[in-house]
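Participant: Below is the structure I would like to discuss, written out as structure tokens.
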Amino acid sequence: MHPPPPAAGVAMDFGQNSLFGYMEDLQELTIIERPVRRSLKTPEEIERLTVDEDLSDIERAVYLLSAGQDIQGTSVIANLPFLMRQNPTETLRRVLPKVREALHVAGVEMQLTAAVAFLTILQEESVSVHTYAHSFLQVILLHLEQRDTGVSNAWLETLLAVIEVLPKETLRHEILNPLVSKAQLSQTVQSRLVSCKILGKLANKFDAHTIKREILPLVKSLCQDVEYEVRSCMCRQLENIAQGIGTELTKNVVLPELIELSRDEGSSVRLAAFETLVNLLDIFDTDDRSQTILPLVKSFCEKSFKADESILISLSFHLGKLCHGLYGILTPDQHLRFLEFYKKLCTLGLQQENGHNLENQIPPQVLEQEKKYTSVRKNCAYNFPAMIVFVDPKNFHMELYSTFFCLCHDPEVPVRYTIAICFYEVSKLLNSGIYLIQKELITLLQDESLEVLDALVEHLPEILELMSTGGESSVQENKLSSLPDLIPALTAAEQRAAASLKWRTHEKLLQKYACLPQIISSDQIYYRFLQRMFTIMMTNNVLPVQKAASRTLCVFLRYNRKQEQRHEVIQKLIEQLGQGKSYWNRLRFLDTCEFIIELFSKSFFCKYFFLPAIELTHDPVANVRMKLCYLLPKVKSTLKIPADKHLLQQLEMCVRKLLCQEKDKDVLAIVKRTVLELDRMEMSMDAFQKKFYEKDLLDQEKEREELLLLEMEQLEKEKQQNDGRPLSDKIFDKKRRDTKTLTQSLPKNIPISVPGPSSSTPSTSKEIKKSKLIRSQSFNNQAFHAKYGNLEKSASKSSTAAYAPSVSGLAKTAVLSLSDDSFRARSASNVPPSYSPNPALPSTSRGTSSTADSKNSGSKDPQPRKAMSKSRKSNP
């Protein structure tokens with residue numbers, strides 16, 4: 001393409017100012033480019049870095065380790081796992097000796113690379129354990145004590161992983177025996193720290209007698225080391241050692257050491273002792289916990305406010321586990337003290353308001369202290385579910401509600417984020433008392449931080465389900481009717497996520513909104529959420545967000561109880577997306593068709609979306625035709641023979657037209673592959689077949705549920721006419737849930753076509769109506785009982801059913817040319833140009849669905865309904 005000519009009347013400006021501007025730009029480019037030019041290699045350097053291409057991988061590795069530069073040697077060591085997979089014998093014989101020589105003088109980068117490479121070889125099991133120990137273990141042990149802490153830790157991690165797989169004899173001779181000298185006071189601090197961690201790993205590899213005789217003396221010596229770092233490190237390994245030696249030795253040997261270390265002069269040692277005691281609470285019996293551990297814990301808690309804030313952080317983090325471990329031995333007074341201590345930690349730092357508004361006016365030490373206080377409150381939020389168990393959920397309102405309120409309104413985002421993560425656990429624990437925290441749910445939904453919203457949304461469907469049932473498993477009246485702020489909070493949360501740059505939070509929110517049909521009425525969804533989903537699909541610029549909105553809209557449509565509303569949604573999907581001016585909207589229509597195939601029955605898709613979808617074979621944009629070609633196998637999987645024979649003919653004509661007239665080579669290649677795939681598909685028949693039994697059964701269940709929705713609407717209107725008064729959603733939902741027990745006893749193989757009242761006597765007709773009402777009123781509860789996640793299971797089960805009778809001739813008849821006019825003339829008889837919401841949409845599929853829809857198409861709602869595209873004053 002050539003650049004467009006300048007507009008008329010606008011002359012190219014080559015004046016002095018313009019040239020100076022160009023010169024400045026060029027100078028900036030030169031400055032940017034200078035470092036790049038300095039980094040280029042000279043011919044001599046390139047010659048030194050060049051290796052003969054004829055060398056094998058092993059020979060090249062040996063050459064680079066012997067005569068190459070450090071960067072080349074590092075590259076060879078990083079490639080060592082690959083060489084071990086390809087040729088382990090030659091690698092061990094020729095390359096590994098060179099690696100050992102290079103590591104003697106290697107720098108930090110090569111050492112780190114070697115530690116990772118050795119660990120990878122162990123994990124991949126390229127050689128036997130015996131061979132690995134013989135070839136690599138001594139190299140690892142030799143480089144444990146490095147000056148650089150990062151390098152030393154890398155080799156130590158590799159060694160600890162090796163200890164897991166080595167046999168006992170190798171561990172005793174190669175590691176344990178040398179460890180006796182490495183743990184002595186005469187060795188360096190680094191050596192003794194490494195010894196502590198190795199002892200902790202070895203404790204689980206030997207029997208209790210060996211541990212008592214050979215390992216425990218070293219443990220006691222290191223627990224009494226003169227350096228506080230060593231004492232602290234050894235103290236943290238006592239948990240692993242206690243698990244290896246058993247309860248009796250732990251009580252007699254480990255517990256006295258922990259008691260002594262808990263009184264150590266070093267704060268880090270005392271902290272390590274406290275955390276180890278908490279982790280070992282389950283090992284000690286009741287007497288030890290009440291007589292020994294409880295006094296230590298009480299003393300630690302009393303002194304914590306006077307000590308360093310880091311101790312408070314650790315204490316607040318372990319408080320839930322501590323209260324759980326001591327629960328059975330606490331007196332009522334002690335129980336109350338621990339609870340008050342927790343409450344005090346939850347508000348730590350909030351009472352010390354100093355009135356400063358600008359951070360630059362606050363001293364740095366005060367800011368650091370406030371950060372630690374925030375960490376304490378965050379840990380308290382993390383432990384809140386454990387504290388509910390500690391006080392018993394029945395006492396939540398009296399004991400912990402005010403604390404929960406403070407945590408949900410905490411000024412710091414990390415605290416509110418943590419309590420939002422725990423909200424679902426709190427909801428489950430409260431059970432029937434979940435109504436107490438409804439306002440806090442609204443508060444977190446309206447939180448100004450999207451991080452808090454993202455954490456809450458993770459389990460939003462489960463939380464709303466618990467809210468709607470009052471936390472009880474028995475079916476009862478929807479409890480969310482007493483929470484009028486829920487829908488405004490949900491809509492505001494979505495709008496706030498949409499206005500931000502965090503599209504993943506917006507996508508997750510839209511995905512979770514698919515649970516709303518089981519929470520609120522279909523009218524509320526229709527007037528408050530459906531139009532918003534359309535807007536997102538047509539205006540949002542992020543593809544995952546658009547797809548999430550499309551799928552959620554399909555779920556809303558799936559469980560909408562009013563036929564007129566369903567028809568209007570279908571009409572908008574076809575006209576605004578499928579026939580939209582923007583090709584982007586037409587692409588989204590094909591995405592929507594894919595979701596319709598996933599969520600609805602085959603007959604529903606064939607009736608409303610089959611012909612509008614294949615009509616896009618005439619689309620002027622190649623990308624749309626290409627996407628349709630990928631979708632065609634799924635489209636064809638919705639057909640059944642012989643009921644949908646005419647739709648199959650339309651599909652064949654479209655594919656033939658694409659083969660004959662497609663000019664885009666990419667689309668044509670996909671069409672040819674699609675024809676072969678359609679050729680191999682077997683046809684699904686109306687009657688059940690053994691190989692498609694599960695898929696057909698699932699489709700029949702979907703179709704039955706769709707018909708029950710139609711029956712529900714019809715019966716509700718008849719009841720309104722008979723009673724002379726409107727039936728509210730609240731009463732209808734209550735009666736629907738009251739009949740759940742009856743519906744569970746109904747047979748699952750309910751026939752799809754239900755005989756009408758005119759085909760039987762009045763008494764029989766009355767019985768049929770009553771049976772319909774029972775089944776249809778309970779449909780929403782039954783369909784959503786296992787949460788909306790069942791839709792995901794349905795999607796995984798409903799793959800494209802293979803079938804195809806006569807598409808095999810498409811490739812052979814590709815030379816035939818079909819004009820647009822002939823195809824449009826034939827398809828025009830099947831698809832009317834407009835879809836009116838008042839009469840039923842055109843039926844293009846099976847007689848069962850069309851009968852049910854045409855039966856209900858004439859009935860209208862008693863109250864006039866405005867079009868969904870119009871704005872209502874009541875909407876936010």
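Residues are named by chain letter and number: chains run A, B, ... in the order of the structure tokens, numbers start at 1 in each chain, and ligands are numbered from 1 in the order shown.
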Might you pull out every residue within 12 Å of A:Asp287, with only C-alpha atoms counted and same-chain residues fewer than 6 positions away left off, and present them as a ChimeraX atom specification?
Facilitator: /A:251,281,293-294,326,328-329
Participant: Next, write the just-selected residues to a file, as a PDB file, in the first residue's frame, keeping all heavy atoms as the atom set.
Facilitator:
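Saved to again.pdb:
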ATOM      1  N   LYS A 251       8.435 -35.949  73.855  1.00  0.00           N
ATOM      2  CA  LYS A 251       8.090 -35.427  75.181  1.00  0.00           C
ATOM      3  C   LYS A 251       9.317 -35.333  76.088  1.00  0.00           C
ATOM      4  O   LYS A 251       9.472 -34.379  76.854  1.00  0.00           O
ATOM      5  CB  LYS A 251       7.035 -36.331  75.803  1.00  0.00           C
ATOM      6  CG  LYS A 251       6.571 -35.891  77.175  1.00  0.00           C
ATOM      7  CD  LYS A 251       5.498 -36.823  77.699  1.00  0.00           C
ATOM      8  CE  LYS A 251       5.052 -36.400  79.097  1.00  0.00           C
ATOM      9  NZ  LYS A 251       3.994 -37.306  79.627  1.00  0.00           N
ATOM     10  N   LEU A 281       1.457 -29.023  68.715  1.00  0.00           N
ATOM     11  CA  LEU A 281       0.429 -29.153  69.748  1.00  0.00           C
ATOM     12  C   LEU A 281      -0.286 -30.504  69.685  1.00  0.00           C
ATOM     13  O   LEU A 281      -0.621 -31.094  70.713  1.00  0.00           O
ATOM     14  CB  LEU A 281      -0.597 -28.022  69.604  1.00  0.00           C
ATOM     15  CG  LEU A 281      -0.248 -26.711  70.304  1.00  0.00           C
ATOM     16  CD1 LEU A 281      -1.304 -25.658  70.009  1.00  0.00           C
ATOM     17  CD2 LEU A 281      -0.123 -26.909  71.810  1.00  0.00           C
ATOM     18  N   ILE A 293       2.657 -26.170  78.158  1.00  0.00           N
ATOM     19  CA  ILE A 293       2.570 -25.312  76.977  1.00  0.00           C
ATOM     20  C   ILE A 293       1.687 -24.097  77.236  1.00  0.00           C
ATOM     21  O   ILE A 293       2.033 -22.972  76.851  1.00  0.00           O
ATOM     22  CB  ILE A 293       2.053 -26.126  75.771  1.00  0.00           C
ATOM     23  CG1 ILE A 293       3.045 -27.251  75.459  1.00  0.00           C
ATOM     24  CG2 ILE A 293       1.862 -25.232  74.560  1.00  0.00           C
ATOM     25  CD1 ILE A 293       2.611 -28.167  74.353  1.00  0.00           C
ATOM     26  N   LEU A 294       0.547 -24.283  77.903  1.00  0.00           N
ATOM     27  CA  LEU A 294      -0.369 -23.166  78.135  1.00  0.00           C
ATOM     28  C   LEU A 294       0.281 -22.022  78.920  1.00  0.00           C
ATOM     29  O   LEU A 294       0.133 -20.858  78.525  1.00  0.00           O
ATOM     30  CB  LEU A 294      -1.628 -23.672  78.842  1.00  0.00           C
ATOM     31  CG  LEU A 294      -2.702 -22.615  79.126  1.00  0.00           C
ATOM     32  CD1 LEU A 294      -3.134 -21.931  77.840  1.00  0.00           C
ATOM     33  CD2 LEU A 294      -3.909 -23.242  79.819  1.00  0.00           C
ATOM     34  N   LEU A 326      -5.629 -25.635  71.922  1.00  0.00           N
ATOM     35  CA  LEU A 326      -5.843 -25.502  73.363  1.00  0.00           C
ATOM     36  C   LEU A 326      -7.313 -25.513  73.747  1.00  0.00           C
ATOM     37  O   LEU A 326      -7.639 -25.330  74.930  1.00  0.00           O
ATOM     38  CB  LEU A 326      -5.198 -24.201  73.864  1.00  0.00           C
ATOM     39  CG  LEU A 326      -3.692 -24.062  73.669  1.00  0.00           C
ATOM     40  CD1 LEU A 326      -3.227 -22.687  74.127  1.00  0.00           C
ATOM     41  CD2 LEU A 326      -2.934 -25.151  74.423  1.00  0.00           C
ATOM     42  N   GLY A 328      -9.760 -27.621  74.268  1.00  0.00           N
ATOM     43  CA  GLY A 328     -10.334 -28.516  75.264  1.00  0.00           C
ATOM     44  C   GLY A 328      -9.841 -28.316  76.669  1.00  0.00           C
ATOM     45  O   GLY A 328     -10.421 -28.864  77.617  1.00  0.00           O
ATOM     46  N   ILE A 329      -8.765 -27.550  76.871  1.00  0.00           N
ATOM     47  CA  ILE A 329      -8.180 -27.434  78.210  1.00  0.00           C
ATOM     48  C   ILE A 329      -8.351 -26.044  78.816  1.00  0.00           C
ATOM     49  O   ILE A 329      -7.910 -25.815  79.939  1.00  0.00           O
ATOM     50  CB  ILE A 329      -6.672 -27.785  78.163  1.00  0.00           C
ATOM     51  CG1 ILE A 329      -5.927 -26.756  77.306  1.00  0.00           C
ATOM     52  CG2 ILE A 329      -6.448 -29.189  77.625  1.00  0.00           C
ATOM     53  CD1 ILE A 329      -4.424 -26.887  77.370  1.00  0.00           C
TER      54      ILE A 329
END
Participant: Contacts of A:Leu159 at 12 Å or less, counting only C-alpha atoms, minus same-chain residues fewer than 2 places along, as a PyMOL selection string?
Facilitator: chain A and resi 115-116+118-119+122+132-133+136-144+152-157+161-166+171+174-175+194-195+197-198+201-202
Participant: Please report the interatomic distance between atom CA of A:Thr188 and atom CA of A:Pro256 in Å with one decimal.
Facilitator: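 Atom-to-atom, atom CA of A:Thr188 and atom CA of A:Pro256 are spaced 26.8 Å apart.
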Participant: Using only C-alpha atoms, pick whichever of A:Ala548, A:Ile362, A:Met538, A:Ile388 has the shortest atom-to-atom distance to A:Cys323.
Facilitator: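 Smallest distance to A:Cys323 is found for A:Ile388.
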Participant: Name the closest residue to A:Ile283 among the candidates A:Gly266, A:Gly320, A:Gly244, A:Gly580; distances are taken between atoms, counting only C-alpha atoms.
Facilitator: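 For A:Ile283, the nearest of the candidates is A:Gly244.
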Participant: Can you tell me how far atom CA of A:Cys223 sits from atom CA of A:Lys372, in Å to one decimal?
Facilitator: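 Atom-to-atom, atom CA of A:Cys223 to atom CA of A:Lys372, that is 29.2 Å.
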Participant: Neighbours of A:Asn623 within 12 Å (only C-alpha atoms; same-chain residues fewer than 6 positions away dropped), as a ChimeraX atom specification?
Facilitator: /A:583-588,590,616-617,629-630,664-668,670
Participant: Pick out the closest residue to A:Ser299 from this set: A:His324, A:Lys640, A:Lys717, A:Arg263. Count only C-alpha atoms.
Facilitator: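 Nearest candidate to A:Ser299 out of A:His324, A:Lys640, A:Lys717, A:Arg263: A:Arg263.
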Participant: Rounded to one decimal, what separation in Å do you get between atom CA of A:Ile614 and atom CA of A:Gln531?
Facilitator: 25.8 Å
Participant: Using only C-alpha atoms, which protein or nucleic acid residues come within 10 Å of A:Glu507? Drop anything in the same chain fewer than 5 positions from it, and give the result as a short mmCIF file (atom, residue, chain, number, x, y, z; two decimals) with N, CA and C atoms, in the first residue's frame.
Facilitator:
data_model
loop_
_atom_site.label_atom_id
_atom_site.label_comp_id
_atom_site.auth_asym_id
_atom_site.auth_seq_id
_atom_site.Cartn_x
_atom_site.Cartn_y
_atom_site.Cartn_z
N GLU A 494 -20.13 -4.51 38.73
CA GLU A 494 -19.79 -4.79 37.32
C GLU A 494 -19.37 -3.53 36.59
N ALA A 497 -15.86 -2.59 37.66
CA ALA A 497 -14.86 -3.46 37.03
C ALA A 497 -14.70 -3.12 35.55
N ALA A 498 -15.81 -2.78 34.89
CA ALA A 498 -15.74 -2.43 33.47
C ALA A 498 -14.97 -1.15 33.24
N LYS A 502 -8.54 -3.66 34.71
CA LYS A 502 -8.37 -5.05 35.13
C LYS A 502 -9.47 -5.91 34.50
N LYS A 512 -19.25 -15.34 36.93
CA LYS A 512 -19.94 -15.70 38.18
C LYS A 512 -21.39 -15.24 38.18
N VAL A 542 -12.46 -6.02 24.87
CA VAL A 542 -11.67 -7.18 25.31
C VAL A 542 -12.44 -8.45 24.96
N LEU A 543 -11.84 -9.30 24.16
CA LEU A 543 -12.52 -10.50 23.67
C LEU A 543 -12.95 -11.45 24.79
N PRO A 544 -12.09 -11.79 25.77
CA PRO A 544 -12.57 -12.68 26.84
C PRO A 544 -13.75 -12.12 27.61
N VAL A 545 -13.79 -10.80 27.79
CA VAL A 545 -14.92 -10.17 28.48
C VAL A 545 -16.19 -10.32 27.63
N GLN A 546 -16.08 -10.10 26.33
CA GLN A 546 -17.23 -10.24 25.45
C GLN A 546 -17.76 -11.68 25.48
N LYS A 547 -16.86 -12.65 25.45
CA LYS A 547 -17.30 -14.04 25.47
C LYS A 547 -17.94 -14.40 26.81
N ALA A 548 -17.40 -13.86 27.90
CA ALA A 548 -18.01 -14.13 29.21
C ALA A 548 -19.41 -13.55 29.28
N ALA A 549 -19.58 -12.33 28.75
CA ALA A 549 -20.91 -11.72 28.73
C ALA A 549 -21.86 -12.53 27.85
#
Participant: Find the residues around A:Pro488 up to 10 Å (only C-alpha atoms counted), leave out those fewer than 2 positions away in its own chain, and share them as a list in words.
Facilitator: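 Everything that qualifies: Ile442, Leu445, Gln446, Pro484, Asp485, Leu486, Leu490, Thr491, Ala492, Ala493, Glu494, Arg528, Asn875 and Pro876 of chain A.
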Participant: If you keep N, CA, C and O atoms, can you produce a file of those selected residues as an mmCIF file, in the first residue's frame?
Facilitator:
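Final file, result.cif:
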data_model
loop_
_atom_site.group_PDB
_atom_site.id
_atom_site.type_symbol
_atom_site.label_atom_id
_atom_site.label_comp_id
_atom_site.auth_asym_id
_atom_site.auth_seq_id
_atom_site.Cartn_x
_atom_site.Cartn_y
_atom_site.Cartn_z
ATOM 1 N N ILE A 442 -22.774 -6.660 51.058
ATOM 2 C CA ILE A 442 -23.010 -5.466 50.241
ATOM 3 C C ILE A 442 -21.841 -4.505 50.354
ATOM 4 O O ILE A 442 -21.387 -3.909 49.367
ATOM 5 N N LEU A 445 -18.983 -5.819 48.252
ATOM 6 C CA LEU A 445 -19.299 -5.669 46.826
ATOM 7 C C LEU A 445 -19.104 -4.232 46.365
ATOM 8 O O LEU A 445 -18.763 -3.985 45.202
ATOM 9 N N GLN A 446 -19.313 -3.284 47.256
ATOM 10 C CA GLN A 446 -19.175 -1.871 46.913
ATOM 11 C C GLN A 446 -17.799 -1.320 47.261
ATOM 12 O O GLN A 446 -17.590 -0.110 47.189
ATOM 13 N N PRO A 484 -32.665 -5.604 49.715
ATOM 14 C CA PRO A 484 -32.957 -4.868 48.475
ATOM 15 C C PRO A 484 -31.731 -4.249 47.828
ATOM 16 O O PRO A 484 -31.770 -3.884 46.656
ATOM 17 N N ASP A 485 -30.623 -4.126 48.577
ATOM 18 C CA ASP A 485 -29.430 -3.477 48.025
ATOM 19 C C ASP A 485 -28.566 -4.431 47.210
ATOM 20 O O ASP A 485 -27.543 -3.994 46.669
ATOM 21 N N LEU A 486 -28.936 -5.705 47.128
ATOM 22 C CA LEU A 486 -28.069 -6.670 46.458
ATOM 23 C C LEU A 486 -27.930 -6.373 44.974
ATOM 24 O O LEU A 486 -26.812 -6.303 44.446
ATOM 25 N N LEU A 490 -24.580 -5.409 42.886
ATOM 26 C CA LEU A 490 -24.037 -6.262 41.824
ATOM 27 C C LEU A 490 -23.827 -5.476 40.532
ATOM 28 O O LEU A 490 -22.794 -5.619 39.858
ATOM 29 N N THR A 491 -24.789 -4.655 40.171
ATOM 30 C CA THR A 491 -24.651 -3.857 38.940
ATOM 31 C C THR A 491 -23.542 -2.820 39.081
ATOM 32 O O THR A 491 -22.773 -2.603 38.139
ATOM 33 N N ALA A 492 -23.441 -2.201 40.269
ATOM 34 C CA ALA A 492 -22.379 -1.206 40.476
ATOM 35 C C ALA A 492 -21.005 -1.861 40.451
ATOM 36 O O ALA A 492 -20.039 -1.284 39.929
ATOM 37 N N ALA A 493 -20.897 -3.068 41.001
ATOM 38 C CA ALA A 493 -19.611 -3.775 40.983
ATOM 39 C C ALA A 493 -19.185 -4.080 39.546
ATOM 40 O O ALA A 493 -18.008 -3.912 39.190
ATOM 41 N N GLU A 494 -20.125 -4.507 38.725
ATOM 42 C CA GLU A 494 -19.789 -4.789 37.323
ATOM 43 C C GLU A 494 -19.366 -3.535 36.586
ATOM 44 O O GLU A 494 -18.399 -3.551 35.816
ATOM 45 N N ARG A 528 -32.538 -5.794 34.684
ATOM 46 C CA ARG A 528 -31.362 -5.194 35.303
ATOM 47 C C ARG A 528 -30.035 -5.714 34.752
ATOM 48 O O ARG A 528 -29.017 -5.057 34.936
ATOM 49 N N ASN A 875 -34.283 1.762 36.534
ATOM 50 C CA ASN A 875 -32.974 1.126 36.424
ATOM 51 C C ASN A 875 -31.895 2.095 36.855
ATOM 52 O O ASN A 875 -31.977 3.291 36.630
ATOM 53 N N PRO A 876 -30.809 1.555 37.474
ATOM 54 C CA PRO A 876 -29.704 2.455 37.845
ATOM 55 C C PRO A 876 -28.929 2.889 36.632
ATOM 56 O O PRO A 876 -28.783 2.154 35.695
#
Participant: Can you tell me, as a list in words, what residues are no more than 9 Å from A:Asp523 when counting only C-alpha atoms, ignoring any on the same chain fewer than 4 positions away?
Facilitator: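 Non-adjacent residues within range: Tyr527, Arg528, Asn560, Arg561, Lys562 and Gln565 of chain A.
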Participant: Could you save the residues just selected, with all heavy atoms, as a PDB file, in the first residue's frame?
Facilitator:
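Printed below is again-v5.pdb as written:
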ATOM      1  N   TYR A 527     -34.627  -7.123  33.382  1.00  0.00           N
ATOM      2  CA  TYR A 527     -34.626  -5.663  33.375  1.00  0.00           C
ATOM      3  C   TYR A 527     -33.328  -5.047  33.900  1.00  0.00           C
ATOM      4  O   TYR A 527     -33.038  -3.890  33.591  1.00  0.00           O
ATOM      5  CB  TYR A 527     -35.807  -5.136  34.197  1.00  0.00           C
ATOM      6  CG  TYR A 527     -37.142  -5.402  33.556  1.00  0.00           C
ATOM      7  CD1 TYR A 527     -38.051  -6.279  34.137  1.00  0.00           C
ATOM      8  CD2 TYR A 527     -37.492  -4.800  32.355  1.00  0.00           C
ATOM      9  CE1 TYR A 527     -39.281  -6.537  33.548  1.00  0.00           C
ATOM     10  CE2 TYR A 527     -38.711  -5.061  31.744  1.00  0.00           C
ATOM     11  CZ  TYR A 527     -39.601  -5.923  32.349  1.00  0.00           C
ATOM     12  OH  TYR A 527     -40.803  -6.175  31.758  1.00  0.00           O
ATOM     13  N   ARG A 528     -32.538  -5.794  34.684  1.00  0.00           N
ATOM     14  CA  ARG A 528     -31.362  -5.194  35.303  1.00  0.00           C
ATOM     15  C   ARG A 528     -30.035  -5.714  34.752  1.00  0.00           C
ATOM     16  O   ARG A 528     -29.017  -5.057  34.936  1.00  0.00           O
ATOM     17  CB  ARG A 528     -31.388  -5.444  36.823  1.00  0.00           C
ATOM     18  CG  ARG A 528     -32.651  -4.966  37.512  1.00  0.00           C
ATOM     19  CD  ARG A 528     -32.861  -3.458  37.341  1.00  0.00           C
ATOM     20  NE  ARG A 528     -31.853  -2.695  38.041  1.00  0.00           N
ATOM     21  CZ  ARG A 528     -31.925  -2.337  39.323  1.00  0.00           C
ATOM     22  NH1 ARG A 528     -32.988  -2.671  40.044  1.00  0.00           N
ATOM     23  NH2 ARG A 528     -30.970  -1.635  39.886  1.00  0.00           N
ATOM     24  N   ASN A 560     -34.925 -18.174  31.570  1.00  0.00           N
ATOM     25  CA  ASN A 560     -35.968 -17.152  31.579  1.00  0.00           C
ATOM     26  C   ASN A 560     -37.333 -17.823  31.484  1.00  0.00           C
ATOM     27  O   ASN A 560     -37.538 -18.733  30.677  1.00  0.00           O
ATOM     28  CB  ASN A 560     -35.760 -16.191  30.402  1.00  0.00           C
ATOM     29  CG  ASN A 560     -36.693 -15.013  30.468  1.00  0.00           C
ATOM     30  OD1 ASN A 560     -37.881 -15.125  30.189  1.00  0.00           O
ATOM     31  ND2 ASN A 560     -36.161 -13.862  30.833  1.00  0.00           N
ATOM     32  N   ARG A 561     -38.305 -17.348  32.281  1.00  0.00           N
ATOM     33  CA  ARG A 561     -39.578 -18.047  32.394  1.00  0.00           C
ATOM     34  C   ARG A 561     -40.676 -17.441  31.531  1.00  0.00           C
ATOM     35  O   ARG A 561     -41.791 -17.943  31.531  1.00  0.00           O
ATOM     36  CB  ARG A 561     -40.041 -18.034  33.862  1.00  0.00           C
ATOM     37  CG  ARG A 561     -39.164 -18.842  34.778  1.00  0.00           C
ATOM     38  CD  ARG A 561     -39.953 -19.371  35.950  1.00  0.00           C
ATOM     39  NE  ARG A 561     -40.803 -18.373  36.557  1.00  0.00           N
ATOM     40  CZ  ARG A 561     -40.754 -18.011  37.828  1.00  0.00           C
ATOM     41  NH1 ARG A 561     -39.844 -18.563  38.606  1.00  0.00           N
ATOM     42  NH2 ARG A 561     -41.588 -17.131  38.328  1.00  0.00           N
ATOM     43  N   LYS A 562     -40.368 -16.349  30.816  1.00  0.00           N
ATOM     44  CA  LYS A 562     -41.405 -15.701  30.021  1.00  0.00           C
ATOM     45  C   LYS A 562     -41.065 -15.803  28.539  1.00  0.00           C
ATOM     46  O   LYS A 562     -40.000 -15.358  28.110  1.00  0.00           O
ATOM     47  CB  LYS A 562     -41.571 -14.247  30.443  1.00  0.00           C
ATOM     48  CG  LYS A 562     -42.132 -14.114  31.854  1.00  0.00           C
ATOM     49  CD  LYS A 562     -42.504 -12.698  32.183  1.00  0.00           C
ATOM     50  CE  LYS A 562     -43.151 -12.613  33.566  1.00  0.00           C
ATOM     51  NZ  LYS A 562     -43.539 -11.234  33.931  1.00  0.00           N
ATOM     52  N   GLN A 565     -40.260 -12.512  26.621  1.00  0.00           N
ATOM     53  CA  GLN A 565     -38.911 -12.003  26.880  1.00  0.00           C
ATOM     54  C   GLN A 565     -37.867 -12.842  26.155  1.00  0.00           C
ATOM     55  O   GLN A 565     -36.905 -12.296  25.587  1.00  0.00           O
ATOM     56  CB  GLN A 565     -38.649 -12.011  28.388  1.00  0.00           C
ATOM     57  CG  GLN A 565     -39.484 -11.017  29.172  1.00  0.00           C
ATOM     58  CD  GLN A 565     -39.226 -11.100  30.665  1.00  0.00           C
ATOM     59  OE1 GLN A 565     -38.431 -11.915  31.128  1.00  0.00           O
ATOM     60  NE2 GLN A 565     -39.900 -10.250  31.420  1.00  0.00           N
TER      61      GLN A 565
END
Participant: Which residues are near A:Ala273? Cut-off 6 Å, only C-alpha atoms, ignore same chain within fewer than 4 positions. Put them as a CSV table (one decimal) with N, CA, C and O atoms, in the first residue's frame.
Facilitator:
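Result saved to around-v5.csv:
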chain,number,residue,atom,x,y,z
A,258,LEU,N,12.6,-27.1,73.7
A,258,LEU,CA,11.7,-26.0,73.3
A,258,LEU,C,11.4,-25.1,74.4
A,258,LEU,O,11.4,-23.8,74.2
A,261,LEU,N,14.5,-22.9,74.9
A,261,LEU,CA,14.6,-22.0,73.8
A,261,LEU,C,13.6,-20.9,73.8
A,261,LEU,O,13.8,-19.8,73.3
A,262,SER,N,12.4,-21.2,74.4
A,262,SER,CA,11.3,-20.2,74.5
A,262,SER,C,11.7,-19.0,75.4
A,262,SER,O,11.1,-18.0,75.5
Participant: Using only C-alpha atoms, which of A:Val415, A:Leu103, A:Val230, A:Ile241 sits nearest A:Lys205?
Facilitator: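 For A:Lys205, the nearest of the given residues is A:Ile241.
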